[in-house]
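Undergrad: Can you keep this structure in mind? I'll have questions shortly.
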Amino acid sequence: MEPVIKINPGATKWDIREKVWDYIEEKNLANFPRPVHNRIPNFKGAIQACDRLAELQEFRSSQTVKVNPDRPQQQARFVTLEAQKTLLVPTPRLRTGLFNKITPPQGASKEQLRVCSSSQGVRDFSVPVGLDAKVLVDLVVVGSVAVSEKGCRIGKGEGFADMEYAMMVSMGAVNESTVVVTVVHDCQVMDIPEELMGSHDLTVDYILTPTRVIKTNCQLPKPQGIIWTKLDPEKLERIPILKKLRALEEEAGKDVTLGEASPTADYGLQTNQPRRQPRQRPRRNDRREGEGESKLEKGVQAEQKPRQQTARMRKNSRGESRGAKEGQVDKMVRRKGRETKKEQGPEDSGDEAGSQRWLSSSITTVYLGGIPAGLRVSELKSALRERKAAPLRLTWQGAQHRAFLDYSDREAADQALEALQGLDLNGSSLQAELAKSQRGGKRSGQSNRRQRPSPAPQSMVTPPEVKSDPAEKTEE
């Protein structure tokens with residue numbers, strides 16, 4: 001099949017990534033999350049491509065399969081669990097370890113397995129696997145931004161897939177017989193110059209697309225372990241498990257000399273990559289929703305004062321539960337808040353005002369449109385709790401058929417967006433996406449003046465810009 005994306009002579013890896021991302025956006029070939037720039041694209045047809053995993057003899061004969069945690073490979077995780085194989089999923093960004101073993105409930109139904117294969121299930125039904133565990137991975141499934149029929153692979157530029165494989169080599173979890181599979185859209189298969197591949201780059205043995213299975217017969221070697229000279233102390237500090245692995249290799253007499261910090265280091269791991277501002281995809285809202293969102297855009301330029309925490313938010317930050325069904329979600333939000341605050345919070349952690357400013361700026365708002373007439377806010381809140389997507393604050397605009405949900409940070413909002421896909425209430429499909437305007441916890445229609453904390457658990461606010469809807473309210 002002739003590649004639809006042509007690579008120009010002299011193109012770099014980032015040139016290829018940007019070309020793929022632009023093409024997928026322009027042709028509308030992706031599902032949520034959008035835009036696909038700086039991501040492993042969740043392409044349309046990912047389920048059909050992942051289902052082809054069961055066609056591979058190498059998969060059928062495998063016992064332990066490692067699948068990356070990205071959304072387009074969710075079906076591959078489900079196929080692995082359904083086949084009753086051991087499923088390992090890498091820890092996101094290697095924050096707390098290398099990977100986790102997914103452990104579904106005993107006698108889990110197909111629907112329960114689908115939950116276990118989702119990002120929420122990966123968090124709720126997993127146990128960590130230590131470096132000293134005797135694990136042998138038979139097959140690895142990774143995502144890609146671009147791949148060639150000769151097995152050359154380009155990821156999103158952060159280097160985690162390459163690093164994960166190299167770490168598995170070091171701990172003896174993979175060997176020459178381990179098969180590497182990638183799942184991509186047909187347009188992501190192209191002619192990648194082999195000279196762009198380095199010794200640290202992971203190559204693939206099979207490519208699965210919605211229409212075909214490609215055996216690459218790749219002649220390039222896979223990583224033979226961690227190349228420590230491509231890492232610097234800063235990267236080592238951000239990934240604690242690397243420090244532990246380095247100590248083990250040093251005890252074994254291996255050379256673990258680190259390199260110097262460089263913006264062009266091969267293991268990217270989120271450092272100084274030439275990122276371009278992603279293009280905005282066209283919105284498909286109706287006129288009423290479009291008018292509402294334009295109000296949000298008008299407020300973007302306004303200078304914002306830090307908003308005080310309400311009494312309800314301070315109560316949550318102290319660890320008090322909002323109810324049995326929301327307890328787990330609240331615990332997760334608080335834990336993430338502590339981690340983010342440790343990494344990005346004010347330099348003076350004792351500065352209460354600085355902490356409030358940090359929390360306000362980290363709030364991420366989700367727009368929920370298409371709310372049917374007659375739906376009560378309590379019904380929406382119940383549906384959010386059932387999907388484990390309860391927000392820190394909910395602003396209800398029932399007359400405009402919409403609501404705004406505030407979450408502690410972008411990661412929490414992305415998880416909620418994933419949970420809200422396909423939400424149907426009273427026969428109407430609701431539309432969930434990031435609000436166009438992110439104003440540090442404020443939205444269009446809310447006053448810039450500081451609000452005094454209310455002693456009541458819920459505060460009712462009537463934004464001055466929306467006078468036609470007496471039912472509008474903000475609940476925390």
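Identifiers for the structure tokens are assigned positionally: chains receive A, B, ... in sequence, residues are indexed from 1 per chain, and ligands are indexed from 1 in the order shown.
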Can you list every residue in segment 10-107 of chain A that DSSP puts in strand (DSSP E or B), as JSON, numbers by chain?

TA: {"A": [30, 43, 64, 65, 66, 67, 86, 87, 88, 89, 90, 99, 100, 101, 102]}

Undergrad: The selected residues should be written to file as a short mmCIF file (atom, residue, chain, number, x, y, z; two decimals), in the first residue's frame (atoms: all heavy atoms).

TA:
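And here's result-v8.cif as it stands now:
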data_model
loop_
_atom_site.label_atom_id
_atom_site.label_comp_id
_atom_site.auth_asym_id
_atom_site.auth_seq_id
_atom_site.Cartn_x
_atom_site.Cartn_y
_atom_site.Cartn_z
N ALA A 30 -9.27 11.14 14.20
CA ALA A 30 -9.04 10.76 15.59
C ALA A 30 -10.28 10.98 16.44
O ALA A 30 -11.13 11.80 16.13
CB ALA A 30 -7.87 11.57 16.16
N PHE A 43 -6.69 7.10 17.19
CA PHE A 43 -7.24 7.13 15.84
C PHE A 43 -8.55 6.37 15.73
O PHE A 43 -8.83 5.44 16.51
CB PHE A 43 -6.21 6.55 14.84
CG PHE A 43 -5.82 5.13 15.13
CD1 PHE A 43 -6.49 4.07 14.53
CD2 PHE A 43 -4.78 4.84 15.99
CE1 PHE A 43 -6.13 2.75 14.78
CE2 PHE A 43 -4.40 3.53 16.25
CZ PHE A 43 -5.09 2.49 15.65
N THR A 64 2.46 -13.75 29.07
CA THR A 64 2.52 -12.43 29.68
C THR A 64 2.68 -11.38 28.59
O THR A 64 3.58 -11.47 27.75
CB THR A 64 3.71 -12.33 30.66
OG1 THR A 64 3.57 -13.35 31.66
CG2 THR A 64 3.75 -10.97 31.32
N VAL A 65 1.79 -10.39 28.62
CA VAL A 65 1.76 -9.34 27.59
C VAL A 65 1.83 -7.98 28.28
O VAL A 65 1.09 -7.72 29.24
CB VAL A 65 0.48 -9.43 26.72
CG1 VAL A 65 0.45 -8.32 25.67
CG2 VAL A 65 0.39 -10.80 26.06
N LYS A 66 2.68 -7.11 27.79
CA LYS A 66 2.78 -5.74 28.30
C LYS A 66 2.17 -4.80 27.26
O LYS A 66 2.54 -4.84 26.09
CB LYS A 66 4.23 -5.36 28.57
CG LYS A 66 4.43 -3.89 28.89
CD LYS A 66 5.91 -3.55 28.99
CE LYS A 66 6.14 -2.06 29.05
NZ LYS A 66 5.88 -1.37 27.77
N VAL A 67 1.21 -3.97 27.68
CA VAL A 67 0.54 -3.04 26.77
C VAL A 67 0.64 -1.64 27.37
O VAL A 67 0.42 -1.45 28.57
CB VAL A 67 -0.96 -3.41 26.59
CG1 VAL A 67 -1.61 -2.47 25.57
CG2 VAL A 67 -1.09 -4.86 26.14
N THR A 86 -1.66 -12.82 31.43
CA THR A 86 -1.17 -11.84 32.40
C THR A 86 -0.93 -10.52 31.69
O THR A 86 -0.18 -10.47 30.71
CB THR A 86 0.12 -12.33 33.07
OG1 THR A 86 -0.14 -13.56 33.76
CG2 THR A 86 0.65 -11.30 34.04
N LEU A 87 -1.56 -9.46 32.18
CA LEU A 87 -1.42 -8.14 31.56
C LEU A 87 -0.59 -7.22 32.45
O LEU A 87 -0.90 -7.01 33.62
CB LEU A 87 -2.81 -7.52 31.34
CG LEU A 87 -2.83 -6.06 30.86
CD1 LEU A 87 -2.15 -5.92 29.50
CD2 LEU A 87 -4.26 -5.53 30.79
N LEU A 88 0.47 -6.69 31.88
CA LEU A 88 1.30 -5.70 32.55
C LEU A 88 1.13 -4.36 31.86
O LEU A 88 1.13 -4.29 30.62
CB LEU A 88 2.78 -6.11 32.53
CG LEU A 88 3.13 -7.47 33.15
CD1 LEU A 88 4.61 -7.76 32.99
CD2 LEU A 88 2.72 -7.52 34.61
N VAL A 89 0.98 -3.29 32.62
CA VAL A 89 0.82 -1.95 32.07
C VAL A 89 1.86 -1.04 32.71
O VAL A 89 1.98 -1.02 33.95
CB VAL A 89 -0.60 -1.41 32.33
CG1 VAL A 89 -0.73 0.03 31.81
CG2 VAL A 89 -1.64 -2.30 31.67
N PRO A 90 2.62 -0.29 31.93
CA PRO A 90 3.64 0.60 32.51
C PRO A 90 3.01 1.64 33.42
O PRO A 90 1.90 2.12 33.18
CB PRO A 90 4.29 1.26 31.28
CG PRO A 90 3.95 0.38 30.13
CD PRO A 90 2.63 -0.24 30.45
N PHE A 99 6.19 -1.16 35.96
CA PHE A 99 4.84 -1.50 35.51
C PHE A 99 4.02 -2.18 36.60
O PHE A 99 4.55 -2.56 37.65
CB PHE A 99 4.85 -2.36 34.24
CG PHE A 99 5.87 -3.47 34.19
CD1 PHE A 99 5.91 -4.46 35.15
CD2 PHE A 99 6.79 -3.52 33.16
CE1 PHE A 99 6.83 -5.48 35.09
CE2 PHE A 99 7.73 -4.53 33.09
CZ PHE A 99 7.75 -5.50 34.06
N ASN A 100 2.73 -2.29 36.32
CA ASN A 100 1.78 -2.89 37.25
C ASN A 100 1.12 -4.10 36.60
O ASN A 100 0.92 -4.11 35.37
CB ASN A 100 0.70 -1.89 37.65
CG ASN A 100 1.27 -0.70 38.40
OD1 ASN A 100 2.07 -0.87 39.29
ND2 ASN A 100 0.85 0.50 38.03
N LYS A 101 0.75 -5.05 37.40
CA LYS A 101 0.01 -6.21 36.93
C LYS A 101 -1.47 -5.98 37.17
O LYS A 101 -1.88 -5.66 38.29
CB LYS A 101 0.47 -7.47 37.66
CG LYS A 101 -0.29 -8.73 37.28
CD LYS A 101 0.19 -9.92 38.10
CE LYS A 101 -0.63 -11.17 37.81
NZ LYS A 101 -0.19 -12.31 38.64
N ILE A 102 -2.28 -6.12 36.12
CA ILE A 102 -3.72 -5.92 36.24
C ILE A 102 -4.35 -7.22 36.77
O ILE A 102 -4.15 -8.29 36.21
CB ILE A 102 -4.35 -5.54 34.89
CG1 ILE A 102 -3.58 -4.37 34.27
CG2 ILE A 102 -5.81 -5.18 35.06
CD1 ILE A 102 -3.48 -3.15 35.15
#

Undergrad: With only C-alpha atoms as the counted atoms, please give the residues lying no more than 10 Å from Leu56 of chain A, apart from itself and same-chain residues fewer than 4 positions off, as an MDAnalysis selection string.

TA: chainID A and resid 52 60:62 181 206 208 213

Undergrad: Taking into account only C-alpha atoms, which residue in the set A:Glu234, A:Thr395, A:Glu194, A:Pro372 is nearest to Gln219 of chain A?

TA: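 The shortest atom-to-atom distance to Gln219 of chain A comes from A:Glu194.
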
Undergrad: Counting only C-alpha atoms, which of A:Gly121, A:Pro105, A:Pro35, A:Pro92 gets nearest to Lys388 of chain A?

TA: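 The closest residue to Lys388 of chain A is A:Gly121.
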
Undergrad: Measuring between only C-alpha atoms, which one of A:Gly370, A:Gly253, A:Gly259, A:Pro210 shows the shortest distance to Asp232 of chain A?

TA: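 For Asp232 of chain A, the nearest of the given residues is A:Gly259.
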
Undergrad: From the list A:Asn217, A:Met167, A:Glu111, A:Pro69, which residue is nearest Lys243 of chain A when using only C-alpha atoms?

TA: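 Smallest distance to Lys243 of chain A is found for A:Met167.
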
Undergrad: Identify, on the basis of only C-alpha atoms, every residue whose closest approach to Leu417 of chain A does not exceed 9 Å; exclude the query and any residue fewer than 2 positions from it along the same chain; express the result as a list of chain:residue names.

TA: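 Answer for this query is A:Phe32, A:Pro33, A:Val366, A:Ala389, A:Ala412, A:Ala413, A:Asp414, A:Gln415, A:Ala419, A:Leu420, A:Gln421, A:Ala432, A:Glu433, A:Leu434.
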
Undergrad: Mind writing the picked residues with all heavy atoms as a short mmCIF file (atom, residue, chain, number, x, y, z; two decimals), in the first residue's frame?

TA:
data_model
loop_
_atom_site.label_atom_id
_atom_site.label_comp_id
_atom_site.auth_asym_id
_atom_site.auth_seq_id
_atom_site.Cartn_x
_atom_site.Cartn_y
_atom_site.Cartn_z
N PHE A 32 -11.53 11.35 20.77
CA PHE A 32 -11.01 11.97 21.99
C PHE A 32 -9.80 11.18 22.49
O PHE A 32 -9.78 9.96 22.38
CB PHE A 32 -12.11 11.96 23.06
CG PHE A 32 -11.63 12.31 24.44
CD1 PHE A 32 -11.52 13.63 24.83
CD2 PHE A 32 -11.27 11.32 25.34
CE1 PHE A 32 -11.08 13.94 26.10
CE2 PHE A 32 -10.83 11.63 26.61
CZ PHE A 32 -10.74 12.95 26.98
N PRO A 33 -8.75 11.85 23.02
CA PRO A 33 -8.61 13.29 23.23
C PRO A 33 -8.06 14.00 22.00
O PRO A 33 -7.25 13.44 21.26
CB PRO A 33 -7.63 13.38 24.40
CG PRO A 33 -6.78 12.15 24.27
CD PRO A 33 -7.68 11.07 23.70
N VAL A 366 -14.23 21.52 32.41
CA VAL A 366 -14.81 20.70 31.34
C VAL A 366 -16.19 21.25 31.00
O VAL A 366 -17.00 21.54 31.89
CB VAL A 366 -14.91 19.22 31.78
CG1 VAL A 366 -15.76 18.41 30.79
CG2 VAL A 366 -13.53 18.62 31.91
N ALA A 389 -16.62 10.58 38.02
CA ALA A 389 -16.17 11.83 37.40
C ALA A 389 -16.70 13.02 38.18
O ALA A 389 -16.95 14.08 37.61
CB ALA A 389 -16.65 11.89 35.95
N ALA A 412 -6.77 15.21 35.94
CA ALA A 412 -8.07 14.81 36.46
C ALA A 412 -9.18 15.12 35.46
O ALA A 412 -10.12 14.34 35.30
CB ALA A 412 -8.35 15.53 37.79
N ALA A 413 -9.05 16.25 34.74
CA ALA A 413 -10.06 16.60 33.74
C ALA A 413 -10.03 15.62 32.57
O ALA A 413 -11.08 15.21 32.06
CB ALA A 413 -9.82 18.02 33.23
N ASP A 414 -8.83 15.21 32.14
CA ASP A 414 -8.74 14.23 31.05
C ASP A 414 -9.37 12.90 31.45
O ASP A 414 -10.04 12.24 30.64
CB ASP A 414 -7.27 14.02 30.67
CG ASP A 414 -6.71 15.16 29.84
OD1 ASP A 414 -7.52 15.93 29.28
OD2 ASP A 414 -5.48 15.29 29.74
N GLN A 415 -9.15 12.49 32.69
CA GLN A 415 -9.75 11.24 33.15
C GLN A 415 -11.28 11.35 33.18
O GLN A 415 -11.99 10.41 32.81
CB GLN A 415 -9.22 10.90 34.54
CG GLN A 415 -7.74 10.53 34.55
CD GLN A 415 -7.15 10.54 35.94
OE1 GLN A 415 -7.84 10.81 36.93
NE2 GLN A 415 -5.86 10.26 36.04
N ALA A 419 -14.18 9.27 31.03
CA ALA A 419 -15.31 8.59 31.68
C ALA A 419 -16.65 9.08 31.16
O ALA A 419 -17.64 8.34 31.18
CB ALA A 419 -15.23 8.81 33.20
N LEU A 420 -16.70 10.32 30.67
CA LEU A 420 -17.97 10.91 30.24
C LEU A 420 -18.29 10.66 28.78
O LEU A 420 -19.36 11.06 28.30
CB LEU A 420 -17.96 12.42 30.51
CG LEU A 420 -17.89 12.84 31.98
CD1 LEU A 420 -17.77 14.34 32.11
CD2 LEU A 420 -19.13 12.34 32.72
N GLN A 421 -17.37 10.05 28.03
CA GLN A 421 -17.66 9.76 26.64
C GLN A 421 -18.83 8.78 26.54
O GLN A 421 -18.86 7.76 27.21
CB GLN A 421 -16.42 9.18 25.94
CG GLN A 421 -15.24 10.14 25.87
CD GLN A 421 -15.60 11.46 25.22
OE1 GLN A 421 -16.03 11.49 24.06
NE2 GLN A 421 -15.46 12.54 25.95
N ALA A 432 -19.03 16.21 25.97
CA ALA A 432 -18.04 16.61 26.98
C ALA A 432 -16.73 16.94 26.30
O ALA A 432 -16.22 16.16 25.50
CB ALA A 432 -17.85 15.49 28.00
N GLU A 433 -16.19 18.09 26.62
CA GLU A 433 -14.88 18.49 26.09
C GLU A 433 -14.32 19.58 26.98
O GLU A 433 -15.03 20.19 27.80
CB GLU A 433 -14.99 18.99 24.65
CG GLU A 433 -15.94 20.15 24.46
CD GLU A 433 -16.16 20.48 23.00
OE1 GLU A 433 -16.33 19.57 22.18
OE2 GLU A 433 -16.15 21.68 22.70
N LEU A 434 -13.00 19.83 26.84
CA LEU A 434 -12.39 20.89 27.62
C LEU A 434 -13.01 22.23 27.23
O LEU A 434 -13.21 22.51 26.05
CB LEU A 434 -10.88 20.94 27.37
CG LEU A 434 -10.05 19.83 28.02
CD1 LEU A 434 -8.60 19.99 27.62
CD2 LEU A 434 -10.18 19.85 29.53
#

Undergrad: From the set A:Arg123, A:Ile227, A:Leu98, A:Cys152, which residue has the shortest atom-to-atom contact distance to Ile241 of chain A, counting only C-alpha atoms?

TA: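 The answer is A:Leu98, which sits nearest to Ile241 of chain A.
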
Undergrad: Between atom CA of Ser429 of chain A and atom CA of Gly398 of chain A, what is the distance in Å, rounded to a tenth?

TA: 15.0 Å

Undergrad: Can you work out which one of A:Lys244, A:Leu236, A:Asn68, A:Val179 has the shortest atom-to-atom distance to Ala161 of chain A, counting only C-alpha atoms?

TA: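 For Ala161 of chain A, the nearest of the candidates is A:Asn68.
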
Undergrad: Please report the interatomic distance between atom CA of Asp15 of chain A and atom CA of Thr211 of chain A in Å with one decimal.

TA: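 Atom-to-atom, atom CA of Asp15 of chain A and atom CA of Thr211 of chain A are spaced 26.1 Å apart.
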
Undergrad: Report, in Å to a single decimal, how far apart atom CA of Gly151 of chain A and atom CA of Val204 of chain A are.

TA: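 These atoms are spaced 4.8 Å apart.
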
Undergrad: Any idea what's packed within 10 Å of Leu81 of chain A, counting only C-alpha atoms, ignoring anything in its chain fewer than 6 positions away? Could you give it as a list in words?

TA: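 Close residues of Leu81 of chain A: Val65, Gln75, Leu87, Ile102, Thr103, Pro104, Ala108, Lys110, Leu113, Arg114, Cys116 and Ser117 of chain A.
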
Undergrad: Take the residues just selected and output them with all heavy atoms as a PDB file, in the first residue's frame.

TA:
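In the end it all went to part_30.pdb:
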ATOM      1  N   VAL A  65       1.786 -10.388  28.619  1.00  0.00           N
ATOM      2  CA  VAL A  65       1.765  -9.342  27.591  1.00  0.00           C
ATOM      3  C   VAL A  65       1.825  -7.979  28.282  1.00  0.00           C
ATOM      4  O   VAL A  65       1.090  -7.721  29.241  1.00  0.00           O
ATOM      5  CB  VAL A  65       0.485  -9.430  26.720  1.00  0.00           C
ATOM      6  CG1 VAL A  65       0.454  -8.321  25.671  1.00  0.00           C
ATOM      7  CG2 VAL A  65       0.394 -10.801  26.063  1.00  0.00           C
ATOM      8  N   GLN A  75      -8.311  -1.353  23.792  1.00  0.00           N
ATOM      9  CA  GLN A  75      -8.885  -2.611  23.317  1.00  0.00           C
ATOM     10  C   GLN A  75      -7.855  -3.733  23.345  1.00  0.00           C
ATOM     11  O   GLN A  75      -8.208  -4.893  23.582  1.00  0.00           O
ATOM     12  CB  GLN A  75      -9.447  -2.428  21.904  1.00  0.00           C
ATOM     13  CG  GLN A  75     -10.121  -3.661  21.309  1.00  0.00           C
ATOM     14  CD  GLN A  75     -11.429  -4.022  22.000  1.00  0.00           C
ATOM     15  OE1 GLN A  75     -11.925  -3.264  22.840  1.00  0.00           O
ATOM     16  NE2 GLN A  75     -12.004  -5.162  21.655  1.00  0.00           N
ATOM     17  N   LEU A  87      -1.557  -9.460  32.177  1.00  0.00           N
ATOM     18  CA  LEU A  87      -1.425  -8.141  31.559  1.00  0.00           C
ATOM     19  C   LEU A  87      -0.589  -7.224  32.450  1.00  0.00           C
ATOM     20  O   LEU A  87      -0.905  -7.014  33.620  1.00  0.00           O
ATOM     21  CB  LEU A  87      -2.810  -7.521  31.337  1.00  0.00           C
ATOM     22  CG  LEU A  87      -2.829  -6.060  30.855  1.00  0.00           C
ATOM     23  CD1 LEU A  87      -2.148  -5.921  29.499  1.00  0.00           C
ATOM     24  CD2 LEU A  87      -4.262  -5.533  30.792  1.00  0.00           C
ATOM     25  N   ILE A 102      -2.283  -6.122  36.119  1.00  0.00           N
ATOM     26  CA  ILE A 102      -3.723  -5.923  36.240  1.00  0.00           C
ATOM     27  C   ILE A 102      -4.346  -7.217  36.769  1.00  0.00           C
ATOM     28  O   ILE A 102      -4.151  -8.293  36.206  1.00  0.00           O
ATOM     29  CB  ILE A 102      -4.347  -5.538  34.892  1.00  0.00           C
ATOM     30  CG1 ILE A 102      -3.575  -4.368  34.273  1.00  0.00           C
ATOM     31  CG2 ILE A 102      -5.807  -5.177  35.062  1.00  0.00           C
ATOM     32  CD1 ILE A 102      -3.485  -3.146  35.153  1.00  0.00           C
ATOM     33  N   THR A 103      -5.109  -7.076  37.834  1.00  0.00           N
ATOM     34  CA  THR A 103      -5.720  -8.250  38.477  1.00  0.00           C
ATOM     35  C   THR A 103      -7.236  -8.075  38.519  1.00  0.00           C
ATOM     36  O   THR A 103      -7.770  -7.506  39.480  1.00  0.00           O
ATOM     37  CB  THR A 103      -5.165  -8.426  39.906  1.00  0.00           C
ATOM     38  OG1 THR A 103      -5.381  -7.207  40.638  1.00  0.00           O
ATOM     39  CG2 THR A 103      -3.679  -8.718  39.883  1.00  0.00           C
ATOM     40  N   PRO A 104      -7.955  -8.561  37.508  1.00  0.00           N
ATOM     41  CA  PRO A 104      -9.422  -8.439  37.499  1.00  0.00           C
ATOM     42  C   PRO A 104     -10.037  -9.244  38.632  1.00  0.00           C
ATOM     43  O   PRO A 104      -9.424 -10.192  39.158  1.00  0.00           O
ATOM     44  CB  PRO A 104      -9.815  -9.027  36.133  1.00  0.00           C
ATOM     45  CG  PRO A 104      -8.558  -9.042  35.320  1.00  0.00           C
ATOM     46  CD  PRO A 104      -7.447  -9.224  36.297  1.00  0.00           C
ATOM     47  N   ALA A 108     -14.553 -12.386  36.558  1.00  0.00           N
ATOM     48  CA  ALA A 108     -15.011 -11.108  36.006  1.00  0.00           C
ATOM     49  C   ALA A 108     -15.761 -11.309  34.688  1.00  0.00           C
ATOM     50  O   ALA A 108     -15.378 -12.131  33.853  1.00  0.00           O
ATOM     51  CB  ALA A 108     -13.822 -10.178  35.785  1.00  0.00           C
ATOM     52  N   LYS A 110     -17.405  -9.842  30.994  1.00  0.00           N
ATOM     53  CA  LYS A 110     -16.791  -9.088  29.897  1.00  0.00           C
ATOM     54  C   LYS A 110     -16.835  -7.587  30.185  1.00  0.00           C
ATOM     55  O   LYS A 110     -15.858  -6.869  29.905  1.00  0.00           O
ATOM     56  CB  LYS A 110     -17.510  -9.409  28.582  1.00  0.00           C
ATOM     57  CG  LYS A 110     -16.887  -8.732  27.372  1.00  0.00           C
ATOM     58  CD  LYS A 110     -17.513  -9.188  26.073  1.00  0.00           C
ATOM     59  CE  LYS A 110     -17.156 -10.634  25.739  1.00  0.00           C
ATOM     60  NZ  LYS A 110     -17.575 -11.008  24.371  1.00  0.00           N
ATOM     61  N   LEU A 113     -14.168  -6.743  32.631  1.00  0.00           N
ATOM     62  CA  LEU A 113     -12.857  -6.734  31.985  1.00  0.00           C
ATOM     63  C   LEU A 113     -12.644  -5.448  31.195  1.00  0.00           C
ATOM     64  O   LEU A 113     -11.523  -4.928  31.119  1.00  0.00           O
ATOM     65  CB  LEU A 113     -12.710  -7.951  31.060  1.00  0.00           C
ATOM     66  CG  LEU A 113     -12.649  -9.317  31.743  1.00  0.00           C
ATOM     67  CD1 LEU A 113     -12.499 -10.417  30.700  1.00  0.00           C
ATOM     68  CD2 LEU A 113     -11.506  -9.373  32.748  1.00  0.00           C
ATOM     69  N   ARG A 114     -13.724  -4.927  30.606  1.00  0.00           N
ATOM     70  CA  ARG A 114     -13.602  -3.651  29.886  1.00  0.00           C
ATOM     71  C   ARG A 114     -13.253  -2.526  30.853  1.00  0.00           C
ATOM     72  O   ARG A 114     -12.459  -1.635  30.530  1.00  0.00           O
ATOM     73  CB  ARG A 114     -14.895  -3.335  29.146  1.00  0.00           C
ATOM     74  CG  ARG A 114     -15.171  -4.251  27.969  1.00  0.00           C
ATOM     75  CD  ARG A 114     -16.240  -3.704  27.043  1.00  0.00           C
ATOM     76  NE  ARG A 114     -16.553  -4.653  25.989  1.00  0.00           N
ATOM     77  CZ  ARG A 114     -15.819  -4.814  24.886  1.00  0.00           C
ATOM     78  NH1 ARG A 114     -14.735  -4.077  24.702  1.00  0.00           N
ATOM     79  NH2 ARG A 114     -16.165  -5.700  23.969  1.00  0.00           N
ATOM     80  N   CYS A 116     -11.584  -2.942  33.661  1.00  0.00           N
ATOM     81  CA  CYS A 116     -10.198  -3.180  34.055  1.00  0.00           C
ATOM     82  C   CYS A 116      -9.208  -2.717  32.996  1.00  0.00           C
ATOM     83  O   CYS A 116      -8.073  -2.343  33.315  1.00  0.00           O
ATOM     84  CB  CYS A 116      -9.978  -4.667  34.348  1.00  0.00           C
ATOM     85  SG  CYS A 116     -10.830  -5.274  35.804  1.00  0.00           S
ATOM     86  N   SER A 117      -9.619  -2.727  31.729  1.00  0.00           N
ATOM     87  CA  SER A 117      -8.711  -2.325  30.653  1.00  0.00           C
ATOM     88  C   SER A 117      -8.701  -0.823  30.430  1.00  0.00           C
ATOM     89  O   SER A 117      -7.849  -0.314  29.694  1.00  0.00           O
ATOM     90  CB  SER A 117      -9.110  -3.026  29.341  1.00  0.00           C
ATOM     91  OG  SER A 117     -10.405  -2.626  28.921  1.00  0.00           O
TER      92      SER A 117
END
